[in-house]
file entry_2.csv (CSV, C-alpha atoms)
chain,number,residue,atom,x,y,z
A,70,MET,CA,-169.3,50.2,217.0
A,71,ARG,CA,-166.2,48.3,216.0
A,72,THR,CA,-164.2,51.5,215.7
A,73,ALA,CA,-165.3,52.6,219.2
A,74,LEU,CA,-164.4,49.2,220.6
A,75,LEU,CA,-160.9,49.4,219.1
A,76,LEU,CA,-160.4,52.9,220.4
A,77,LEU,CA,-161.5,51.7,223.9
A,78,LEU,CA,-159.1,48.8,223.8
A,79,PHE,CA,-156.3,51.0,222.6
A,80,SER,CA,-156.9,53.5,225.4
A,81,ILE,CA,-156.9,50.7,228.0
A,82,THR,CA,-153.7,49.0,226.7
A,83,SER,CA,-151.8,52.2,226.3
A,84,ILE,CA,-152.0,52.8,230.0
A,85,GLY,CA,-149.6,50.0,230.5
A,86,PHE,CA,-146.8,51.6,228.4
A,87,SER,CA,-144.3,54.1,229.6
A,88,GLN,CA,-144.3,57.7,228.4
A,89,THR,CA,-141.2,59.1,226.7
A,90,PHE,CA,-140.5,62.8,226.4
A,91,ARG,CA,-137.7,64.4,224.4
A,92,GLU,CA,-136.3,67.3,226.5
A,93,THR,CA,-133.7,69.9,225.8
A,94,ILE,CA,-131.7,72.1,228.1
A,95,GLU,CA,-129.9,75.3,227.0
A,96,SER,CA,-126.9,74.5,229.1
A,97,LYS,CA,-124.8,77.4,230.4
A,98,LYS,CA,-122.2,74.9,231.7
A,99,LEU,CA,-121.8,73.3,228.2
A,100,GLY,CA,-122.4,76.5,226.2
A,101,GLU,CA,-124.8,74.5,224.0
A,102,ALA,CA,-128.2,72.8,223.9
A,103,ARG,CA,-128.2,69.2,225.2
A,104,GLU,CA,-130.9,66.7,224.4
A,105,PHE,CA,-132.0,63.8,226.6
A,106,ASN,CA,-135.0,61.5,227.0
A,107,VAL,CA,-137.2,61.2,230.1
A,108,VAL,CA,-139.1,57.9,230.4
A,109,LEU,CA,-141.9,57.9,233.0
A,110,PRO,CA,-143.3,54.8,234.6
A,111,PRO,CA,-146.7,53.5,233.2
A,112,GLY,CA,-148.6,54.5,236.2
A,113,TYR,CA,-147.1,58.0,236.6
A,114,GLU,CA,-150.3,59.9,235.5
A,115,GLN,CA,-152.6,57.7,237.6
A,116,ASN,CA,-150.6,57.6,240.9
A,117,VAL,CA,-150.5,61.4,241.4
A,118,ASP,CA,-149.0,61.1,244.9
A,119,LYS,CA,-146.3,58.6,244.1
A,120,LYS,CA,-142.7,59.7,243.8
A,121,TYR,CA,-140.0,57.7,241.9
A,122,PRO,CA,-136.2,57.2,242.1
A,123,VAL,CA,-134.1,58.6,239.2
A,124,LEU,CA,-131.8,56.6,236.9
A,125,VAL,CA,-129.4,58.7,234.8
A,126,ILE,CA,-128.0,56.7,231.9
A,127,LEU,CA,-125.0,58.0,230.0
A,128,ASP,CA,-124.5,56.7,226.4
A,129,GLY,CA,-128.3,56.9,226.3
A,130,GLU,CA,-128.4,56.0,222.5
A,131,TYR,CA,-127.7,52.4,223.2
A,132,LEU,CA,-127.9,51.8,226.9
A,133,ALA,CA,-131.5,53.2,227.4
A,134,SER,CA,-133.3,50.2,225.8
A,135,PRO,CA,-131.7,47.4,227.8
A,136,PHE,CA,-132.1,49.3,231.0
A,137,THR,CA,-135.7,50.3,230.5
A,138,GLY,CA,-136.5,46.7,229.3
A,139,ILE,CA,-135.2,45.1,232.5
A,140,LEU,CA,-136.9,47.8,234.6
A,141,LYS,CA,-140.3,47.2,232.9
A,142,TYR,CA,-139.9,43.4,233.4
A,143,GLY,CA,-138.9,43.8,237.0
A,144,ALA,CA,-141.7,46.2,237.8
A,145,TYR,CA,-144.3,43.9,236.2
A,146,TRP,CA,-143.4,41.3,238.8
A,147,ASP,CA,-142.9,43.9,241.5
A,148,ASP,CA,-139.3,42.8,241.8
A,149,LEU,CA,-137.9,46.2,240.9
A,150,PRO,CA,-139.3,49.7,241.6
A,151,GLU,CA,-140.7,51.9,238.9
A,152,MET,CA,-138.2,54.6,238.1
A,153,ILE,CA,-137.9,57.8,236.1
A,154,VAL,CA,-135.2,57.1,233.5
A,155,VAL,CA,-133.1,60.0,232.1
A,156,SER,CA,-131.1,59.0,229.0
A,157,VAL,CA,-128.3,61.5,228.1
A,158,PHE,CA,-127.4,61.5,224.4
A,159,GLN,CA,-123.6,61.5,223.6
A,160,ASN,CA,-123.5,60.9,219.9
A,161,GLY,CA,-120.1,60.1,218.3
A,162,ASP,CA,-117.1,61.8,219.9
A,163,LYS,CA,-119.3,63.7,222.3
A,164,ARG,CA,-118.9,60.9,224.9
A,165,PHE,CA,-115.1,61.4,224.9
A,166,GLN,CA,-115.4,65.1,225.2
A,167,ASP,CA,-117.9,64.8,228.1
A,168,SER,CA,-115.5,62.4,229.9
A,169,GLU,CA,-112.3,64.5,229.5
A,170,PHE,CA,-109.8,64.4,232.3
A,171,ASP,CA,-106.3,65.8,232.9
A,172,GLU,CA,-103.0,64.1,233.7
A,173,ALA,CA,-103.8,64.1,237.4
A,174,GLY,CA,-106.9,62.0,236.6
A,175,LEU,CA,-109.5,64.7,237.4
A,176,PRO,CA,-112.3,66.1,235.2
A,177,SER,CA,-111.0,69.0,233.1
A,178,GLY,CA,-112.2,71.1,230.1
A,179,THR,CA,-115.3,69.8,228.6
A,180,GLY,CA,-115.3,66.9,231.1
A,181,ALA,CA,-115.5,69.3,234.0
A,182,ASN,CA,-118.3,71.2,232.2
A,183,PHE,CA,-120.3,68.0,231.6
A,184,PHE,CA,-119.7,67.0,235.3
A,185,GLU,CA,-121.3,70.2,236.4
A,186,PHE,CA,-124.1,70.0,233.8
A,187,ILE,CA,-125.3,66.7,235.3
A,188,GLY,CA,-125.2,68.0,238.9
A,189,PHE,CA,-126.2,71.7,238.5
A,190,GLU,CA,-128.6,71.6,235.5
A,191,LEU,CA,-129.8,68.2,234.5
A,192,LEU,CA,-130.8,66.8,237.9
A,193,PRO,CA,-132.4,70.1,239.1
A,194,TYR,CA,-134.4,70.3,235.9
A,195,VAL,CA,-135.7,66.7,236.1
A,196,GLU,CA,-136.5,66.9,239.8
A,197,GLY,CA,-138.2,70.2,239.5
A,198,LYS,CA,-140.5,69.0,236.7
A,199,TYR,CA,-141.2,65.4,237.8
A,200,ARG,CA,-142.1,63.7,241.0
A,201,THR,CA,-138.9,62.1,242.3
A,202,GLN,CA,-137.6,60.5,245.4
A,203,PRO,CA,-134.1,61.4,246.7
A,204,PHE,CA,-132.5,58.2,245.4
A,205,ARG,CA,-130.4,58.5,242.3
A,206,ILE,CA,-128.4,56.0,240.2
A,207,ILE,CA,-126.0,56.7,237.4
A,208,ALA,CA,-124.9,54.2,234.8
A,209,GLY,CA,-122.3,54.2,232.0
A,210,HIS,CA,-120.2,52.0,229.7
A,211,ASP,CA,-116.4,52.0,229.1
A,212,THR,CA,-115.5,55.7,228.9
A,213,THR,CA,-118.6,57.0,230.6
A,214,ALA,CA,-118.4,54.1,233.2
A,215,GLY,CA,-115.0,55.6,234.2
A,216,PHE,CA,-116.4,59.1,234.2
A,217,LEU,CA,-119.3,58.4,236.6
A,218,ASN,CA,-116.7,57.5,239.3
A,219,PHE,CA,-115.8,61.2,239.5
A,220,TYR,CA,-119.0,61.8,241.5
A,221,LEU,CA,-117.6,59.7,244.3
A,222,TYR,CA,-114.7,62.1,244.6
A,223,LYS,CA,-117.0,64.6,246.3
A,224,ASP,CA,-117.6,64.7,250.0
A,225,ASN,CA,-121.4,64.3,249.6
A,226,PRO,CA,-121.9,62.4,246.3
A,227,ILE,CA,-125.1,63.3,244.5
A,228,PHE,CA,-125.7,59.7,243.4
A,229,ASN,CA,-126.5,56.8,245.7
A,230,GLY,CA,-126.0,54.0,243.1
A,231,TYR,CA,-123.2,53.5,240.5
A,232,ILE,CA,-123.4,51.0,237.6
A,233,SER,CA,-120.0,50.8,235.9
A,234,LEU,CA,-119.9,48.5,232.9
A,235,ALA,CA,-116.5,47.6,231.4
A,236,PRO,CA,-115.0,50.8,232.8
A,237,GLU,CA,-112.0,52.7,231.3
A,238,PHE,CA,-110.4,54.4,234.3
A,239,ALA,CA,-108.8,57.8,234.5
A,240,PRO,CA,-105.3,57.7,236.1
A,241,ASP,CA,-105.2,56.4,239.7
A,242,MET,CA,-109.0,55.9,239.7
A,243,GLU,CA,-108.8,52.3,240.9
A,244,LYS,CA,-107.2,53.6,244.1
A,245,ARG,CA,-109.1,56.8,244.5
A,246,VAL,CA,-112.6,55.1,244.2
A,247,ALA,CA,-111.6,52.7,247.0
A,248,ASP,CA,-110.3,55.4,249.2
A,249,ARG,CA,-113.5,57.4,248.8
A,250,LEU,CA,-115.8,54.5,249.5
A,251,ALA,CA,-113.9,53.9,252.7
A,252,VAL,CA,-114.9,57.3,254.1
A,253,ILE,CA,-118.2,58.2,252.5
A,254,THR,CA,-120.9,58.0,255.2
A,255,LYS,CA,-124.1,58.1,253.1
A,256,PRO,CA,-125.4,54.7,251.8
A,257,ILE,CA,-123.7,53.9,248.5
A,258,PHE,CA,-124.3,51.0,246.1
A,259,TYR,CA,-121.5,50.3,243.7
A,260,TYR,CA,-121.6,47.7,240.9
A,261,GLN,CA,-119.0,47.0,238.3
A,262,ALA,CA,-118.8,44.3,235.6
A,263,SER,CA,-116.1,43.2,233.2
A,264,GLY,CA,-116.2,40.7,230.3
A,265,GLU,CA,-114.0,37.7,230.3
A,266,GLY,CA,-113.2,38.5,226.7
A,267,ASP,CA,-112.6,42.2,227.2
A,268,LEU,CA,-109.3,44.0,226.8
A,269,LYS,CA,-106.7,42.8,229.2
A,270,GLU,CA,-105.8,46.3,230.4
A,271,LEU,CA,-109.4,47.0,231.4
A,272,GLN,CA,-109.7,43.7,233.2
A,273,GLU,CA,-106.5,44.2,235.1
A,274,ARG,CA,-107.5,47.7,236.3
A,275,ALA,CA,-111.0,46.6,237.3
A,276,ALA,CA,-109.4,43.7,239.2
A,277,ILE,CA,-107.1,46.1,241.1
A,278,LEU,CA,-110.1,48.2,242.1
A,279,ASP,CA,-111.9,45.0,243.2
A,280,GLN,CA,-109.0,44.1,245.4
A,281,ASN,CA,-108.7,47.6,246.9
A,282,ILE,CA,-112.5,47.7,247.7
A,283,ASN,CA,-112.5,44.2,249.2
A,284,ALA,CA,-109.6,45.2,251.5
A,285,ILE,CA,-111.7,47.9,253.1
A,286,PRO,CA,-112.7,46.8,256.7
A,287,ASP,CA,-116.1,47.4,258.1
A,288,LYS,CA,-117.7,48.4,254.8
A,289,SER,CA,-120.6,50.9,255.2
A,290,PHE,CA,-121.5,50.5,251.5
A,291,LYS,CA,-122.8,47.7,249.3
A,292,TYR,CA,-120.5,46.4,246.6
A,293,ARG,CA,-120.4,43.8,243.9
A,294,SER,CA,-118.0,43.0,241.0
A,295,ASP,CA,-118.9,40.5,238.3
A,296,ILE,CA,-116.7,39.0,235.6
A,297,ILE,CA,-119.1,37.9,232.9
A,298,LYS,CA,-117.9,34.6,231.4
A,299,GLY,CA,-117.6,34.4,227.7
A,300,ALA,CA,-118.7,38.1,227.3
A,301,SER,CA,-117.0,40.7,225.2
A,302,HIS,CA,-116.6,44.4,225.9
A,303,TYR,CA,-120.1,44.9,224.4
A,304,SER,CA,-122.0,41.7,225.1
A,305,LEU,CA,-121.5,42.0,228.8
A,306,VAL,CA,-123.9,44.9,228.9
A,307,ALA,CA,-127.0,42.8,228.3
A,308,GLN,CA,-126.0,40.3,231.1
A,309,ALA,CA,-124.7,42.8,233.6
A,310,ILE,CA,-127.7,45.2,233.7
A,311,PRO,CA,-130.2,42.9,235.4
A,312,GLN,CA,-127.4,41.8,237.8
A,313,ALA,CA,-126.7,45.4,238.7
A,314,LEU,CA,-130.3,46.5,239.2
A,315,TYR,CA,-131.3,43.4,241.3
A,316,PHE,CA,-128.1,43.9,243.3
A,317,ILE,CA,-129.0,47.5,244.1
A,318,PHE,CA,-132.6,46.8,244.9
A,319,ASP,CA,-132.0,43.6,246.9
A,320,GLY,CA,-134.7,43.3,249.5
A,321,TYR,CA,-137.2,45.3,247.5
A,322,GLN,CA,-138.9,42.2,246.3
A,323,PRO,CA,-142.1,40.8,247.9
A,324,ILE,CA,-141.7,38.0,250.5
A,325,SER,CA,-141.0,34.9,248.4
A,326,MET,CA,-141.9,31.3,249.2
A,327,VAL,CA,-138.2,30.6,249.9
A,328,GLU,CA,-138.0,33.6,252.3
A,329,PHE,CA,-141.2,32.5,254.0
A,330,GLN,CA,-140.1,28.9,254.6
A,331,GLU,CA,-136.4,29.4,255.3
A,332,LYS,CA,-136.5,32.6,257.3
A,333,ILE,CA,-139.9,33.7,258.6
A,334,LEU,CA,-141.4,30.3,259.6
A,335,LYS,CA,-138.2,29.5,261.5
A,336,LEU,CA,-138.5,32.5,263.8
A,337,ASP,CA,-139.4,31.9,267.4
A,338,SER,CA,-141.2,35.2,267.5
A,339,GLY,CA,-141.1,38.7,266.0
A,340,TYR,CA,-143.1,37.9,262.8
A,341,ALA,CA,-144.8,41.3,262.7
A,342,GLN,CA,-141.5,43.0,263.5
A,343,TYR,CA,-139.9,41.2,260.5
A,344,LEU,CA,-142.4,43.0,258.2
A,345,ILE,CA,-141.9,46.3,259.9
A,346,ASP,CA,-138.1,46.0,259.6
A,347,LYS,CA,-138.3,45.0,256.0
A,348,TYR,CA,-139.9,48.3,254.9
A,349,LYS,CA,-138.0,50.4,257.4
A,350,ASN,CA,-134.7,49.1,256.0
A,351,LEU,CA,-135.9,50.0,252.4
A,352,GLU,CA,-136.5,53.5,253.5
A,353,GLU,CA,-133.3,53.9,255.5
A,354,LYS,CA,-131.0,52.3,252.9
A,355,LEU,CA,-132.6,53.2,249.6
A,356,GLY,CA,-134.6,56.2,250.6
A,357,LEU,CA,-137.7,54.5,249.1
A,358,LYS,CA,-141.0,55.1,250.9
A,359,ILE,CA,-143.0,52.1,249.9
A,360,GLN,CA,-146.4,51.1,251.2
A,361,PRO,CA,-146.1,47.5,252.5
A,362,ARG,CA,-147.5,45.0,250.1
A,363,LEU,CA,-150.8,43.3,251.0
A,364,THR,CA,-149.2,40.0,250.0
A,365,ASP,CA,-146.5,40.5,252.6
A,366,PHE,CA,-149.2,41.1,255.3
A,367,LYS,CA,-150.8,37.8,254.2
A,368,ALA,CA,-147.4,36.0,254.4
A,369,ILE,CA,-146.8,37.3,258.0
A,370,GLU,CA,-150.4,36.4,259.0
A,371,ALA,CA,-149.9,32.9,257.7
A,372,ALA,CA,-146.6,32.5,259.7
A,373,ILE,CA,-148.4,33.7,262.8
A,374,ILE,CA,-151.2,31.3,262.4
A,375,LYS,CA,-149.0,28.3,261.5
A,376,ASN,CA,-146.8,28.9,264.6
A,377,LYS,CA,-149.8,29.7,266.8
A,378,ALA,CA,-148.2,33.0,267.8
A,379,TYR,CA,-151.7,34.6,267.9
A,380,PRO,CA,-150.9,37.7,270.1
A,381,GLU,CA,-148.7,39.0,267.3
A,382,LEU,CA,-151.9,39.5,265.2
A,383,GLN,CA,-152.5,42.5,267.4
A,384,GLU,CA,-149.1,44.0,266.5
A,385,LEU,CA,-149.8,43.3,262.9
A,386,SER,CA,-153.2,45.0,263.3
A,387,LYS,CA,-151.5,48.2,264.7
A,388,TYR,CA,-149.0,48.2,261.8
A,389,ALA,CA,-151.9,47.8,259.3
A,390,GLU,CA,-153.7,50.7,260.9
A,391,LYS,CA,-150.7,53.0,260.2
A,392,GLN,CA,-150.1,51.8,256.7
A,393,TYR,CA,-153.7,51.3,255.5
A,394,PRO,CA,-155.9,53.6,257.7
A,395,LYS,CA,-159.7,53.7,257.0
A,396,THR,CA,-159.6,50.2,255.5
A,397,THR,CA,-160.7,46.8,256.9
A,398,LEU,CA,-157.2,45.4,257.1
A,399,SER,CA,-156.4,46.3,260.8
A,400,ILE,CA,-159.9,45.3,261.9
A,401,TYR,CA,-159.5,41.9,260.2
A,402,HIS,CA,-156.3,41.1,262.1
A,403,GLN,CA,-157.6,42.3,265.4
A,404,ALA,CA,-160.8,40.2,264.9
A,405,LEU,CA,-158.8,37.2,263.8
A,406,TYR,CA,-156.8,37.5,267.1
A,407,TYR,CA,-160.0,37.4,269.2
A,408,GLU,CA,-161.2,34.5,267.1
A,409,LYS,CA,-158.0,32.4,267.5
A,410,MET,CA,-158.0,33.2,271.2
A,411,GLY,CA,-161.5,31.9,271.6
A,412,GLU,CA,-163.0,35.3,272.5
A,413,TYR,CA,-165.8,34.9,269.9
A,414,LYS,CA,-168.1,37.7,271.1
A,415,LYS,CA,-165.3,40.2,270.8
A,416,ALA,CA,-164.4,38.8,267.4
A,417,VAL,CA,-168.0,39.2,266.2
A,418,LYS,CA,-168.1,42.8,267.4
A,419,GLU,CA,-164.8,43.5,265.7
A,420,TYR,CA,-165.8,42.0,262.4
A,421,LYS,CA,-168.9,44.1,262.4
A,422,ARG,CA,-166.8,47.3,262.7
A,423,ALA,CA,-165.9,46.7,259.1
A,424,PHE,CA,-169.1,48.5,258.0
A,425,SER,CA,-167.4,51.8,258.8
A,426,ARG,CA,-164.3,51.0,256.8
A,427,GLU,CA,-163.3,50.8,253.1
A,428,PRO,CA,-162.9,47.3,251.7
A,429,ILE,CA,-159.4,46.2,250.7
A,430,ARG,CA,-158.8,43.2,248.4
A,431,GLU,CA,-160.8,40.2,249.6
A,432,LEU,CA,-161.6,41.9,252.9
A,433,THR,CA,-165.0,43.2,251.8
A,434,LYS,CA,-167.8,44.1,254.1
A,435,ASP,CA,-169.7,40.9,253.0
A,436,PHE,CA,-166.7,38.8,253.8
A,437,MET,CA,-166.3,40.4,257.3
A,438,LEU,CA,-170.1,40.0,257.9
A,439,SER,CA,-169.9,36.3,257.0
A,440,ARG,CA,-167.0,35.8,259.4
A,441,ALA,CA,-169.1,37.4,262.1
A,442,GLU,CA,-172.2,35.3,261.3
A,443,SER,CA,-170.1,32.1,261.5
A,444,LEU,CA,-169.1,32.9,265.0
A,445,LYS,CA,-172.5,33.9,266.5
A,446,ASP,CA,-173.4,30.5,267.7
A,447,LYS,CA,-170.0,29.8,269.3
A,448,GLU,CA,-169.5,30.3,273.0
A,449,ASP,CA,-166.3,31.9,274.3
A,450,ASP,CA,-163.7,29.3,275.2
A,451,SER,CA,-163.7,30.3,278.8
A,452,LYS,CA,-167.5,29.5,279.1
A,453,VAL,CA,-167.1,26.4,277.1
A,454,GLU,CA,-164.5,25.1,279.5
A,455,GLU,CA,-166.7,26.1,282.4
A,456,TYR,CA,-169.8,24.3,281.0
A,457,ALA,CA,-167.7,21.3,280.0
A,458,GLU,CA,-166.5,20.4,283.5
A,459,PRO,CA,-168.0,17.0,284.4
A,460,LEU,CA,-170.5,16.8,287.3
A,461,PRO,CA,-169.2,14.9,290.4
A,462,GLU,CA,-170.2,11.2,290.4
A,463,GLU,CA,-172.9,10.1,292.8
A,464,GLY,CA,-171.4,9.4,296.3
A,465,THR,CA,-168.4,11.7,295.8
A,466,THR,CA,-167.5,15.3,296.5
A,467,GLU,CA,-166.6,17.8,293.9
A,468,ASP,CA,-162.9,17.1,294.3
A,469,GLY,CA,-163.6,13.4,293.6
A,470,SER,CA,-163.2,12.1,297.2
A,471,GLU,CA,-165.8,9.8,298.8
A,472,LYS,CA,-168.5,11.4,300.8
A,473,LYS,CA,-168.4,10.8,304.5
A,474,GLU,CA,-171.5,9.6,306.4
A,475,GLY,CA,-173.8,12.5,307.0
A,476,GLU,CA,-172.4,14.7,304.1
A,477,GLU,CA,-174.8,16.0,301.6
call {"tool": "encode", "arguments": {"input": "entry_2.csv", "output": "structure tokens"}}
result
Amino acid sequence: MRTALLLLLFSITSIGFSQTFRETIESKKLGEAREFNVVLPPGYEQNVDKKYPVLVILDGEYLASPFTGILKYGAYWDDLPEMIVVSVFQNGDKRFQDSEFDEAGLPSGTGANFFEFIGFELLPYVEGKYRTQPFRIIAGHDTTAGFLNFYLYKDNPIFNGYISLAPEFAPDMEKRVADRLAVITKPIFYYQASGEGDLKELQERAAILDQNINAIPDKSFKYRSDIIKGASHYSLVAQAIPQALYFIFDGYQPISMVEFQEKILKLDSGYAQYLIDKYKNLEEKLGLKIQPRLTDFKAIEAAIIKNKAYPELQELSKYAEKQYPKTTLSIYHQALYYEKMGEYKKAVKEYKRAFSREPIRELTKDFMLSRAESLKDKEDDSKVEEYAEPLPEEGTTEDGSEKKEGEE
């Protein structure tokens, strides 16, 4: 019995851990086998219809753990999306061979081969085998951080996000990256970090790139550069990774109390539209198709009620019907609209429609029935007002004037 219980507990808790697979590609581009790890999100096997962004980590031997740790923590609080993490192993001098460039500052030799290996072999393999969304990030440190910039040199870069930690640039890279960012039309997210205690040459070149990027007018991309105080070439990694990920996925987080109080409540109107735009922007900018959170629906509902903008409950109901069809969510918001408007008979009828829908969170059929029961004895506001009109006093007409002699 005890053994069975332990096995049951193990099977339950193991669901919460990511799955890691060691993969190998016999690369034609590299002329050798290249190993890498694929880390799948904890819910990958259960959420069979869900697709995930891809994070490619160069220097996977030592960068994989801090990246996956922050991603797990962020996903636990729903502050960061779950991702498929691909860690490329570059033991010893391999990282320098993979990042080779010529005097002109362009990939050459083994660097050119590795550049094509990522784009023509690694990504197609991962995206063919696993469920991915078309949003890709690449990350690297010093030599590999400089290398990842080469993907920006192409007219249609294969990566959307770039995390460059203490980069060592190829010749003229601080100018070329800025020139490319100025003309690339697809959404790009670019993050770089340097340590205050890093080599002076690296800091100076990163500062030049920062100046060149900041000089670009009408930026169509998102950019951030951090100088980590007191950090060395190596210690900056642990501090920069969460900054980079939260920068790229800014806006992904659920509606916070600060956002609710300082933004949403202060709106004169357009509460439901605020929610619609939030998830529309996530899809357009990040390519992430995310089902709107139920907590965000509740936040918008609360703002509508607090500001007495009751007609917007109908718009919220329509959006809920699109996002959560066959559930009680849209019925609840429509019924709540009738209830707040004093149309109690319509509200009761709407609440009762929940019997044909699937419950969602606290909006169970019992809950909806209890709401309907609580309104049964109420009269519609229009009738209440009609019945509440005072009778004319004796000796006066209905408009309150005195009756003339002979008037009935």
call {"tool": "atom_distance", "arguments": {"input": "entry_2.csv", "atom1": "atom CA of Leu385 of chain A", "atom2": "atom CA of Tyr420 of chain A"}}
result
16.1 Å
call {"tool": "residues_around", "arguments": {"input": "entry_2.csv", "residues": "Phe189 of chain A", "least_positions_apart": "4", "cutoff": "12 Å", "atoms": "all atoms listed in the file", "output": "list in words"}}
result
Ile94, Ser96, Lys97, Lys98, Leu99, Ala181, Asn182, Phe183, Phe184, Glu185, Pro193, Tyr194, Val195, Glu196 and Ile227 of chain A
call {"tool": "residues_around", "arguments": {"input": "entry_2.csv", "residues": "Phe90 of chain A", "least_positions_apart": "2", "cutoff": "8 Å", "atoms": "only C-alpha atoms", "output": "PyMOL selection string"}}
result
chain A and resi 88+92+106-108
call {"tool": "closest_residue", "arguments": {"input": "entry_2.csv", "among": "A:Ile429, A:Leu234, A:Ile257, A:Ala313", "to": "Lys354 of chain A", "atoms": "only C-alpha atoms"}}
result
A:Ile257
call {"tool": "closest_residue", "arguments": {"input": "entry_2.csv", "among": "A:Thr396, A:Asn350, A:Gln312, A:Gln330", "to": "Arg422 of chain A", "atoms": "only C-alpha atoms"}}
result
A:Thr396
call {"tool": "atom_distance", "arguments": {"input": "entry_2.csv", "atom1": "atom CA of Ala262 of chain A", "atom2": "atom CA of Asn281 of chain A"}}
result
15.5 Å
call {"tool": "closest_residue", "arguments": {"input": "entry_2.csv", "among": "A:Met242, A:Ala173, A:Leu191, A:Ile206", "to": "Leu124 of chain A", "atoms": "all atoms listed in the file"}}
result
A:Ile206
call {"tool": "residues_around", "arguments": {"input": "entry_2.csv", "residues": "Ser399 of chain A", "least_positions_apart": "5", "cutoff": "9 Å", "atoms": "only C-alpha atoms", "output": "MDAnalysis selection string"}}
result
chainID A and resid 383 385:391 393:394 404
call {"tool": "closest_residue", "arguments": {"input": "entry_2.csv", "among": "A:Arg245, A:Pro240, A:Phe436, A:Ala309", "to": "Ile139 of chain A", "atoms": "only C-alpha atoms"}}
result
A:Ala309
call {"tool": "atom_distance", "arguments": {"input": "entry_2.csv", "atom1": "atom CA of Glu431 of chain A", "atom2": "atom CA of Ala371 of chain A"}}
result
15.4 Å
call {"tool": "residues_around", "arguments": {"input": "entry_2.csv", "residues": "Ile232 of chain A", "least_positions_apart": "4", "cutoff": "9 Å", "atoms": "only C-alpha atoms", "output": "PyMOL selection string"}}
result
chain A and resi 206-210+214+217+258-262+310+313-314
call {"tool": "write_last_selection", "arguments": {"input": "entry_2.csv", "atoms": "C-alpha atoms", "output": "tab-separated table (two decimals), in the frame of the given file"}}
result
chain	number	residue	atom	x	y	z
A	206	ILE	CA	-128.40	56.00	240.20
A	207	ILE	CA	-126.00	56.70	237.40
A	208	ALA	CA	-124.90	54.20	234.80
A	209	GLY	CA	-122.30	54.20	232.00
A	210	HIS	CA	-120.20	52.00	229.70
A	214	ALA	CA	-118.40	54.10	233.20
A	217	LEU	CA	-119.30	58.40	236.60
A	258	PHE	CA	-124.30	51.00	246.10
A	259	TYR	CA	-121.50	50.30	243.70
A	260	TYR	CA	-121.60	47.70	240.90
A	261	GLN	CA	-119.00	47.00	238.30
A	262	ALA	CA	-118.80	44.30	235.60
A	310	ILE	CA	-127.70	45.20	233.70
A	313	ALA	CA	-126.70	45.40	238.70
A	314	LEU	CA	-130.30	46.50	239.20
call {"tool": "closest_residue", "arguments": {"input": "entry_2.csv", "among": "A:Leu250, A:Glu270, A:Ser338, A:Val123", "to": "Ala284 of chain A", "atoms": "only C-alpha atoms"}}
result
A:Leu250
call {"tool": "residues_around", "arguments": {"input": "entry_2.csv", "residues": "segment 151-168 of chain A", "least_positions_apart": "3", "cutoff": "7 Å", "atoms": "only C-alpha atoms", "output": "list in words"}}
result
Glu104, Phe105, Asn106, Val107, Val108, Leu109, Pro110, Tyr121, Pro122, Val123, Leu124, Val125, Ile126, Leu127, Asp128, Gly129, Glu130, Ala133, Ala144, Thr179, Gly180, Phe183, Thr212, Thr213 and Phe216 of chain A
call {"tool": "residues_near_point", "arguments": {"input": "entry_2.csv", "point": "(-111.6, 37.8, 227.1)", "cutoff": "8 Å", "atoms": "all atoms listed in the file", "output": "PyMOL selection string"}}
result
chain A and resi 264-269+299-301
call {"tool": "closest_residue", "arguments": {"input": "entry_2.csv", "among": "A:Ala423, A:Ala372, A:Leu140, A:Leu149", "to": "Leu357 of chain A", "atoms": "all atoms listed in the file"}}
result
A:Leu149
